[in-house]
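Chemist: Okay, so here is final_9.tsv, and as you'll see once you scroll down, it has TSV, C-alpha atoms.
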```
chain	number	residue	atom	x	y	z
A	1	MET	CA	-71.55	88.62	101.16
A	2	PRO	CA	-73.48	86.67	98.51
A	3	ALA	CA	-75.18	88.64	95.74
A	4	PRO	CA	-78.93	89.00	96.14
A	5	ILE	CA	-81.06	86.63	94.10
A	6	LEU	CA	-83.47	88.54	91.87
A	7	THR	CA	-86.86	87.10	91.11
A	8	PRO	CA	-88.18	87.51	87.55
A	9	ARG	CA	-90.35	90.41	88.70
A	10	LYS	CA	-87.42	92.14	90.37
A	11	ALA	CA	-85.15	91.37	87.45
A	12	ALA	CA	-87.64	93.05	85.14
A	13	GLY	CA	-87.51	96.10	87.38
A	14	HIS	CA	-83.69	96.23	87.17
A	15	ARG	CA	-83.35	96.38	83.39
A	16	PRO	CA	-80.58	98.77	82.22
A	17	ALA	CA	-81.72	102.07	80.89
A	18	PRO	CA	-81.75	102.33	77.08
A	19	PRO	CA	-78.66	104.07	75.63
A	20	ARG	CA	-79.01	107.73	75.06
A	21	PRO	CA	-79.08	108.56	71.36
A	22	ALA	CA	-75.92	110.27	70.22
A	23	ASP	CA	-76.15	113.85	69.21
A	24	PRO	CA	-76.23	114.23	65.41
A	25	VAL	CA	-72.85	115.14	63.95
A	26	PRO	CA	-73.01	118.26	61.84
A	27	PRO	CA	-71.87	117.77	58.22
A	28	GLY	CA	-68.88	120.06	58.68
A	29	GLY	CA	-67.73	118.12	61.72
A	30	ARG	CA	-67.99	114.80	59.86
A	31	PHE	CA	-65.87	116.17	57.02
A	32	ALA	CA	-63.27	117.54	59.46
A	33	ARG	CA	-63.07	114.19	61.24
A	34	SER	CA	-62.66	112.33	57.94
A	35	LEU	CA	-60.05	114.84	56.84
A	36	ARG	CA	-58.02	114.32	60.02
A	37	ARG	CA	-58.16	110.55	59.62
A	38	ASN	CA	-57.02	110.70	55.98
A	39	LEU	CA	-54.70	113.68	56.20
A	40	THR	CA	-51.69	111.73	54.88
A	41	ALA	CA	-53.64	110.22	51.99
A	42	HIS	CA	-55.07	113.61	51.06
A	43	GLY	CA	-51.59	115.12	51.19
A	44	PHE	CA	-50.21	112.58	48.71
A	45	LEU	CA	-53.29	113.00	46.52
A	46	ILE	CA	-52.96	116.79	46.45
A	47	GLY	CA	-49.27	116.47	45.58
A	48	ALA	CA	-50.05	114.14	42.68
A	49	VAL	CA	-52.81	116.44	41.41
A	50	ILE	CA	-50.45	119.43	41.55
A	51	CYS	CA	-47.77	117.51	39.61
A	52	PHE	CA	-50.26	116.41	36.95
A	53	ALA	CA	-51.73	119.89	36.69
A	54	THR	CA	-48.30	121.50	36.35
A	55	PHE	CA	-46.54	119.08	34.04
A	56	SER	CA	-49.42	117.45	32.10
A	57	TRP	CA	-52.66	119.42	32.11
A	58	TYR	CA	-51.22	122.92	31.89
A	59	PRO	CA	-48.94	122.10	28.89
A	60	MET	CA	-51.91	120.52	27.10
A	61	VAL	CA	-54.07	123.59	27.65
A	62	ARG	CA	-51.16	125.85	26.70
A	63	GLU	CA	-50.56	123.90	23.50
A	64	PHE	CA	-54.23	124.19	22.57
A	65	LEU	CA	-54.08	127.97	23.01
A	66	LEU	CA	-50.77	128.31	21.14
A	67	ALA	CA	-52.25	126.51	18.14
A	68	PHE	CA	-54.48	129.55	17.55
A	69	GLN	CA	-51.96	132.25	18.48
A	70	THR	CA	-48.80	133.84	17.19
A	71	THR	CA	-46.13	135.79	19.03
A	72	GLU	CA	-44.22	138.60	17.34
A	73	GLY	CA	-42.10	141.14	19.15
A	74	GLY	CA	-43.17	139.78	22.50
A	75	GLU	CA	-46.88	140.38	21.72
A	76	THR	CA	-49.33	137.51	21.37
A	77	SER	CA	-52.30	137.74	19.05
A	78	TRP	CA	-55.01	135.37	17.90
A	79	VAL	CA	-54.66	134.16	14.29
A	80	GLY	CA	-57.44	131.59	14.08
A	81	LEU	CA	-56.58	128.68	11.76
A	82	ASP	CA	-53.54	130.33	10.15
A	83	ASN	CA	-51.13	128.01	11.96
A	84	PHE	CA	-52.96	124.98	10.64
A	85	ALA	CA	-52.84	126.41	7.11
A	86	THR	CA	-49.08	126.95	7.48
A	87	VAL	CA	-48.56	123.35	8.53
A	88	LEU	CA	-50.75	121.90	5.80
A	89	ASP	CA	-48.99	123.95	3.10
A	90	ASP	CA	-45.57	122.65	4.13
A	91	PRO	CA	-44.32	119.92	1.74
A	92	ALA	CA	-42.58	118.23	4.66
A	93	PHE	CA	-45.95	117.73	6.39
A	94	TRP	CA	-47.13	114.87	4.18
A	95	GLN	CA	-43.68	113.33	3.98
A	96	ALA	CA	-43.48	113.31	7.78
A	97	TRP	CA	-46.85	111.56	8.02
A	98	ARG	CA	-45.83	108.96	5.42
A	99	ASN	CA	-42.59	108.27	7.28
A	100	THR	CA	-44.41	108.06	10.61
A	101	LEU	CA	-46.97	105.61	9.25
A	102	LEU	CA	-44.19	103.55	7.65
A	103	PHE	CA	-42.31	103.46	10.94
A	104	THR	CA	-45.50	102.45	12.77
A	105	VAL	CA	-46.21	99.58	10.38
A	106	LEU	CA	-42.64	98.28	10.45
A	107	ALA	CA	-42.41	98.71	14.21
A	108	LEU	CA	-45.63	96.73	14.69
A	109	VAL	CA	-44.42	93.92	12.43
A	110	LEU	CA	-41.17	93.66	14.39
A	111	GLY	CA	-41.79	95.37	17.71
A	112	PHE	CA	-45.11	93.63	18.34
A	113	ALA	CA	-44.18	90.15	17.10
A	114	VAL	CA	-40.58	89.82	18.34
A	115	PRO	CA	-41.32	90.45	22.06
A	116	PHE	CA	-44.26	88.02	21.93
A	117	VAL	CA	-42.14	85.31	20.31
A	118	ALA	CA	-39.38	85.92	22.88
A	119	ALA	CA	-41.92	85.60	25.70
A	120	VAL	CA	-43.27	82.33	24.25
A	121	VAL	CA	-39.74	80.91	23.95
A	122	ILE	CA	-38.81	81.91	27.52
A	123	ASN	CA	-42.06	80.47	28.82
A	124	GLU	CA	-41.17	77.06	27.35
A	125	PHE	CA	-38.01	76.83	29.46
A	126	ARG	CA	-38.32	75.01	32.77
A	127	HIS	CA	-35.12	76.41	34.28
A	128	GLY	CA	-33.25	79.68	34.02
A	129	LYS	CA	-36.27	81.90	33.34
A	130	GLY	CA	-34.91	84.57	35.67
A	131	TYR	CA	-31.65	84.89	33.74
A	132	LEU	CA	-33.50	84.95	30.42
A	133	ARG	CA	-35.83	87.68	31.68
A	134	LEU	CA	-32.80	89.72	32.73
A	135	LEU	CA	-31.16	89.16	29.36
A	136	VAL	CA	-34.26	90.32	27.48
A	137	TYR	CA	-34.80	93.37	29.70
A	138	LEU	CA	-31.15	94.43	29.70
A	139	PRO	CA	-31.42	96.74	26.61
A	140	VAL	CA	-34.16	98.74	28.34
A	141	MET	CA	-31.82	99.48	31.25
A	142	LEU	CA	-29.18	100.92	28.94
A	143	PRO	CA	-29.27	104.68	28.32
A	144	PRO	CA	-30.72	105.46	24.86
A	145	VAL	CA	-27.54	107.28	23.85
A	146	ALA	CA	-25.44	104.19	24.63
A	147	SER	CA	-27.78	102.00	22.60
A	148	VAL	CA	-27.67	104.43	19.69
A	149	LEU	CA	-23.85	104.50	19.76
A	150	LEU	CA	-23.88	100.71	19.67
A	151	PHE	CA	-26.09	100.63	16.60
A	152	LYS	CA	-24.11	103.39	14.93
A	153	TYR	CA	-21.09	101.12	15.25
A	154	LEU	CA	-23.08	98.20	13.83
A	155	TYR	CA	-24.37	100.28	10.89
A	156	ASP	CA	-21.10	102.07	10.08
A	157	PRO	CA	-20.36	101.60	6.35
A	158	GLY	CA	-16.61	101.40	6.91
A	159	TYR	CA	-15.92	99.21	9.94
A	160	GLY	CA	-19.44	98.32	11.08
A	161	LEU	CA	-20.08	94.80	12.28
A	162	LEU	CA	-23.00	94.23	9.90
A	163	ASN	CA	-20.91	95.02	6.83
A	164	GLU	CA	-18.09	92.88	8.20
A	165	VAL	CA	-20.48	89.94	8.46
A	166	ALA	CA	-21.90	90.71	5.01
A	167	GLY	CA	-18.40	90.75	3.52
A	168	PHE	CA	-17.55	87.46	5.22
A	169	LEU	CA	-20.68	85.90	3.70
A	170	GLY	CA	-19.92	87.36	0.28
A	171	LEU	CA	-22.82	89.81	0.36
A	172	PRO	CA	-22.57	93.42	-0.82
A	173	GLU	CA	-22.03	96.10	1.79
A	174	GLN	CA	-24.88	98.43	2.65
A	175	GLN	CA	-25.14	102.10	3.53
A	176	TRP	CA	-27.59	101.36	6.32
A	177	LEU	CA	-28.25	104.87	7.60
A	178	GLN	CA	-27.12	106.78	4.51
A	179	ASP	CA	-29.41	105.04	2.00
A	180	PRO	CA	-33.04	106.25	1.90
A	181	ARG	CA	-34.18	102.71	1.11
A	182	THR	CA	-32.72	101.18	4.29
A	183	SER	CA	-32.54	104.07	6.74
A	184	MET	CA	-36.07	103.67	8.14
A	185	LEU	CA	-35.73	99.90	8.49
A	186	SER	CA	-32.43	100.40	10.31
A	187	VAL	CA	-34.10	102.80	12.75
A	188	VAL	CA	-36.94	100.31	13.34
A	189	ILE	CA	-34.51	97.48	14.09
A	190	ALA	CA	-32.64	99.64	16.61
A	191	SER	CA	-35.89	100.82	18.22
A	192	THR	CA	-37.20	97.25	18.50
A	193	TRP	CA	-34.03	96.08	20.24
A	194	MET	CA	-34.03	99.07	22.60
A	195	ASN	CA	-37.67	98.77	23.69
A	196	MET	CA	-38.67	95.11	23.44
A	197	GLY	CA	-37.75	94.18	27.03
A	198	GLY	CA	-40.75	95.74	28.75
A	199	ALA	CA	-43.25	94.30	26.28
A	200	ALA	CA	-41.66	90.84	26.50
A	201	LEU	CA	-41.99	90.78	30.31
A	202	ILE	CA	-45.64	91.84	30.09
A	203	TYR	CA	-46.34	89.08	27.57
A	204	LEU	CA	-44.47	86.57	29.72
A	205	ALA	CA	-46.57	87.47	32.76
A	206	ALA	CA	-49.72	86.99	30.68
A	207	LEU	CA	-48.49	83.62	29.40
A	208	GLN	CA	-47.77	82.37	32.90
A	209	SER	CA	-51.39	83.07	33.88
A	210	VAL	CA	-52.73	80.69	31.22
A	211	PRO	CA	-53.95	77.43	32.86
A	212	GLY	CA	-51.68	74.50	32.06
A	213	GLU	CA	-54.70	72.21	31.65
A	214	LEU	CA	-55.53	73.95	28.38
A	215	TYR	CA	-52.12	73.09	26.93
A	216	GLU	CA	-52.43	69.51	28.15
A	217	ALA	CA	-55.83	69.17	26.49
A	218	ALA	CA	-54.42	70.61	23.27
A	219	GLU	CA	-51.54	68.12	23.36
A	220	LEU	CA	-53.99	65.26	23.84
A	221	ASP	CA	-55.79	66.47	20.73
A	222	GLY	CA	-52.52	66.29	18.82
A	223	ALA	CA	-51.86	70.03	18.58
A	224	GLY	CA	-48.32	71.18	17.91
A	225	LEU	CA	-46.59	74.31	19.15
A	226	LEU	CA	-48.06	76.64	16.51
A	227	ARG	CA	-51.59	75.29	16.97
A	228	LYS	CA	-51.31	75.67	20.76
A	229	ILE	CA	-50.20	79.28	20.32
A	230	TRP	CA	-53.04	80.03	17.88
A	231	HIS	CA	-55.86	78.23	19.71
A	232	VAL	CA	-54.78	78.57	23.36
A	233	THR	CA	-52.15	81.25	23.93
A	234	ILE	CA	-53.56	84.06	21.78
A	235	PRO	CA	-57.22	83.69	22.90
A	236	GLN	CA	-56.20	83.51	26.57
A	237	THR	CA	-53.98	86.60	26.32
A	238	ARG	CA	-56.19	88.57	23.94
A	239	LEU	CA	-56.86	91.40	26.40
A	240	VAL	CA	-53.16	91.98	27.07
A	241	LEU	CA	-52.32	91.72	23.37
A	242	SER	CA	-54.98	94.26	22.39
A	243	LEU	CA	-53.89	96.69	25.11
A	244	MET	CA	-50.23	96.39	24.12
A	245	LEU	CA	-51.15	96.87	20.47
A	246	LEU	CA	-52.90	100.14	21.28
A	247	MET	CA	-50.01	101.36	23.45
A	248	GLN	CA	-47.40	100.47	20.83
A	249	ILE	CA	-49.30	102.27	18.07
A	250	ILE	CA	-49.50	105.41	20.21
A	251	ALA	CA	-45.80	105.14	21.12
A	252	THR	CA	-44.58	104.52	17.56
A	253	MET	CA	-46.63	107.40	16.19
A	254	GLN	CA	-44.66	109.67	18.54
A	255	VAL	CA	-41.20	108.34	17.69
A	256	PHE	CA	-38.43	110.91	17.98
A	257	VAL	CA	-35.37	109.73	19.89
A	258	GLU	CA	-34.21	106.94	17.58
A	259	PRO	CA	-34.27	108.82	14.24
A	260	PHE	CA	-32.97	112.00	15.88
A	261	LEU	CA	-29.92	110.26	17.32
A	262	LEU	CA	-29.25	107.81	14.48
A	263	THR	CA	-29.83	109.93	11.38
A	264	GLY	CA	-29.93	113.45	12.76
A	265	GLY	CA	-33.71	113.53	12.52
A	266	ALA	CA	-34.40	114.10	8.84
A	267	GLY	CA	-32.20	111.35	7.46
A	268	PRO	CA	-31.11	111.01	3.81
A	269	GLU	CA	-33.59	112.81	1.53
A	270	GLY	CA	-35.92	113.27	4.51
A	271	SER	CA	-36.52	109.51	4.74
A	272	THR	CA	-36.67	109.48	8.56
A	273	THR	CA	-38.47	112.78	9.17
A	274	THR	CA	-41.34	112.01	11.54
A	275	VAL	CA	-44.23	114.14	12.74
A	276	VAL	CA	-42.68	114.70	16.16
A	277	TYR	CA	-39.36	115.67	14.60
A	278	LEU	CA	-41.20	118.16	12.38
A	279	ILE	CA	-42.79	119.60	15.54
A	280	TYR	CA	-39.29	119.92	16.97
A	281	GLN	CA	-38.13	121.75	13.84
A	282	TYR	CA	-41.03	124.21	13.94
A	283	ALA	CA	-40.46	125.00	17.61
A	284	PHE	CA	-36.68	125.09	17.96
A	285	ASN	CA	-35.31	125.60	14.46
A	286	PHE	CA	-37.94	127.94	12.99
A	287	ASN	CA	-39.13	129.49	16.32
A	288	ASP	CA	-42.72	129.03	15.14
A	289	TYR	CA	-44.36	127.74	18.29
A	290	GLY	CA	-47.84	128.28	16.89
A	291	ALA	CA	-47.23	125.93	13.95
A	292	ALA	CA	-45.57	123.41	16.28
A	293	ALA	CA	-48.58	123.50	18.60
A	294	ALA	CA	-50.97	123.17	15.65
A	295	LEU	CA	-49.15	120.08	14.36
A	296	GLY	CA	-49.04	118.62	17.86
A	297	LEU	CA	-52.77	119.21	18.22
A	298	LEU	CA	-53.42	117.39	14.94
A	299	LEU	CA	-51.39	114.43	16.18
A	300	LEU	CA	-53.26	114.48	19.49
A	301	VAL	CA	-56.66	114.47	17.76
A	302	LEU	CA	-55.63	111.62	15.47
A	303	LEU	CA	-54.35	109.43	18.31
A	304	ALA	CA	-57.36	110.24	20.52
A	305	GLY	CA	-59.75	109.35	17.69
A	306	PHE	CA	-57.92	106.11	16.98
A	307	SER	CA	-57.88	105.18	20.67
A	308	ALA	CA	-61.61	105.87	21.04
A	309	ALA	CA	-62.46	103.85	17.92
A	310	TYR	CA	-60.24	100.99	19.05
A	311	VAL	CA	-61.77	100.88	22.52
A	312	ARG	CA	-65.27	100.98	21.04
A	313	LEU	CA	-64.54	98.12	18.64
A	314	SER	CA	-62.93	96.07	21.42
A	315	ARG	CA	-65.95	96.60	23.67
A	316	ALA	CA	-68.34	95.62	20.88
A	317	ASP	CA	-66.27	92.49	20.23
A	318	ASP	CA	-66.39	91.50	23.90
A	319	GLU	CA	-70.16	91.88	23.98
```
Represent the structure contained in this file as structure tokens.
Modeler:
Amino acid sequence: MPAPILTPRKAAGHRPAPPRPADPVPPGGRFARSLRRNLTAHGFLIGAVICFATFSWYPMVREFLLAFQTTEGGETSWVGLDNFATVLDDPAFWQAWRNTLLFTVLALVLGFAVPFVAAVVINEFRHGKGYLRLLVYLPVMLPPVASVLLFKYLYDPGYGLLNEVAGFLGLPEQQWLQDPRTSMLSVVIASTWMNMGGAALIYLAALQSVPGELYEAAELDGAGLLRKIWHVTIPQTRLVLSLMLLMQIIATMQVFVEPFLLTGGAGPEGSTTTVVYLIYQYAFNFNDYGAAAALGLLLLVLLAGFSAAYVRLSRADDE
């Protein structure tokens, strides 16, 4: 049976009824519905927050409290700034800061420049970049103890490879780790080799994002390799370079593993005693956790102040 033909007047009379407005959802119901939809995401988020609170935030708060407390006979009491006075009166305090600053400067000269140069060299190759990246990153994959044993063999004054090469070239042998004049430089060289892989890969990724047209324009202007690096590479990777500089300063100011394993921590005449190693001595050799926490808090304040100033200067420079 054919469908009835509706005239305009009849069609107007058969308009569908307007939709009924939905009942307002109470706020609690909306939150419960959102919670059910994102239950998995909230579960992972809660787990991450618990991990951070347990292993990061709680130790920081505990360290802050310990810096103003002392524990004797199992009883904890507040001592105000006595722990800070104890740390400042220690002759090793200033020596540790001098050694830490020296390590930071030397590590920046080598550890900041060498990975960048390695990344620039790898970026110039047209083939085999994957193998070169693996070769550069290989030291990072080695356990620190294995790397330290390797450098102990290299630095050994009796049968070490470096002294063997020096003797072959007619140069005098060196007491690399036993001489206060060369012990810190030896630690810096080992630390640079052990940690340069990650920084080199980050620099290489930044270099590969630089448009090739800029290098072609520089070549047309007669620029050589050094001028291209100075006028194209560095300006284009300035953000990555500044971020890596800040991270490396923070990391080198907290150096502990390399001097502890290579020279036993203090080194000859205390030449490799760092701030973090002094914290270790206060806590585990002297059982003075209050002084250790006070020194750690001083290091935290210094690094936080430096980071804030650096970020502020970088933001002002960008504006």
Chemist: Would you work out the distance separating CA of Ala293 in chain A from CA of Met184 in chain A, expressed in Å to one decimal?
Modeler: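 CA of Met184 in chain A lies 25.7 Å from CA of Ala293 in chain A.
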Chemist: To one decimal in Å, tell me the separation between CA of Pro91 in chain A and CA of Leu303 in chain A.
Modeler: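 Between CA of Pro91 in chain A and CA of Leu303 in chain A the gap works out to 22.0 Å.
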Chemist: Taking only C-alpha atoms into account, name the residue in A:Trp78, A:Phe64, A:Tyr153, A:Phe116 that is nearest to Met244 in chain A.
Modeler: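 Going through A:Trp78, A:Phe64, A:Tyr153, A:Phe116 one by one, the smallest distance to Met244 in chain A is for A:Phe116.
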Chemist: If you count only C-alpha atoms, which residues fall within 12 Å of Gln178 in chain A, apart from same-chain ones fewer than 5 positions away, as a count of residues only?
Modeler: 19
Chemist: Would you work out the distance separating CA of Leu108 in chain A from CA of Glu258 in chain A, expressed in Å to one decimal?
Modeler: 15.6 Å
Chemist: Measuring atom to atom with only C-alpha atoms, identify which of A:Val136, A:Met196, A:Ile46, A:Leu243 is nearest to Pro115 in chain A.
Modeler: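 Between A:Val136, A:Met196, A:Ile46, A:Leu243, the residue approaching Pro115 in chain A most closely is A:Met196.
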Chemist: Could you tell me which of A:Val114, A:Ala294, A:Ala53, A:Ala41 comes closest to Asn195 in chain A if we count only C-alpha atoms?
Modeler: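 Among the listed residues, A:Val114 lies closest to Asn195 in chain A.
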Chemist: Which residues are close to Ser77 in chain A, i.e. within 10 Å by only C-alpha atoms, leaving aside same-chain residues fewer than 4 positions away? Reply as a PyMOL selection string.
Modeler: chain A and resi 66+68-72
Chemist: For a quick check of your reading of the model, name the residues lying within 6 Å of the coordinate (-29.9, 97.3, 15.3), counting all atoms listed in the file, and write them as a compact mmCIF listing (two decimals) with C-alpha atoms, in the frame of the given file.
Modeler:
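Written output follows (point14.txt):
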```
# COMPACT_ATOMS: atom_id res chain seq x y z
CA PHE A 151 -26.09 100.63 16.60
CA ILE A 189 -34.51 97.48 14.09
CA ALA A 190 -32.64 99.64 16.61
```
Chemist: Select, from A:Ala251, A:Ala223, A:Val120, A:Val165, the residue with the minimum atom-to-atom distance to Gln208 in chain A, counting only C-alpha atoms.
Modeler: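 Using only C-alpha atoms, the shortest distance to Gln208 in chain A belongs to A:Val120.
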Chemist: Hey, what's within 6 Å of Ile279 in chain A if we count all atoms listed in the file and toss same-chain stuff fewer than 3 positions away? As a count of residues only, please?
Modeler: 3
Chemist: From the options A:Val275, A:Leu154, A:Leu245, A:Ile202, which residue's atoms come nearest to Ser314 in chain A, counting only C-alpha atoms?
Modeler: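 Ranking A:Val275, A:Leu154, A:Leu245, A:Ile202 by distance to Ser314 in chain A, first place goes to A:Leu245.
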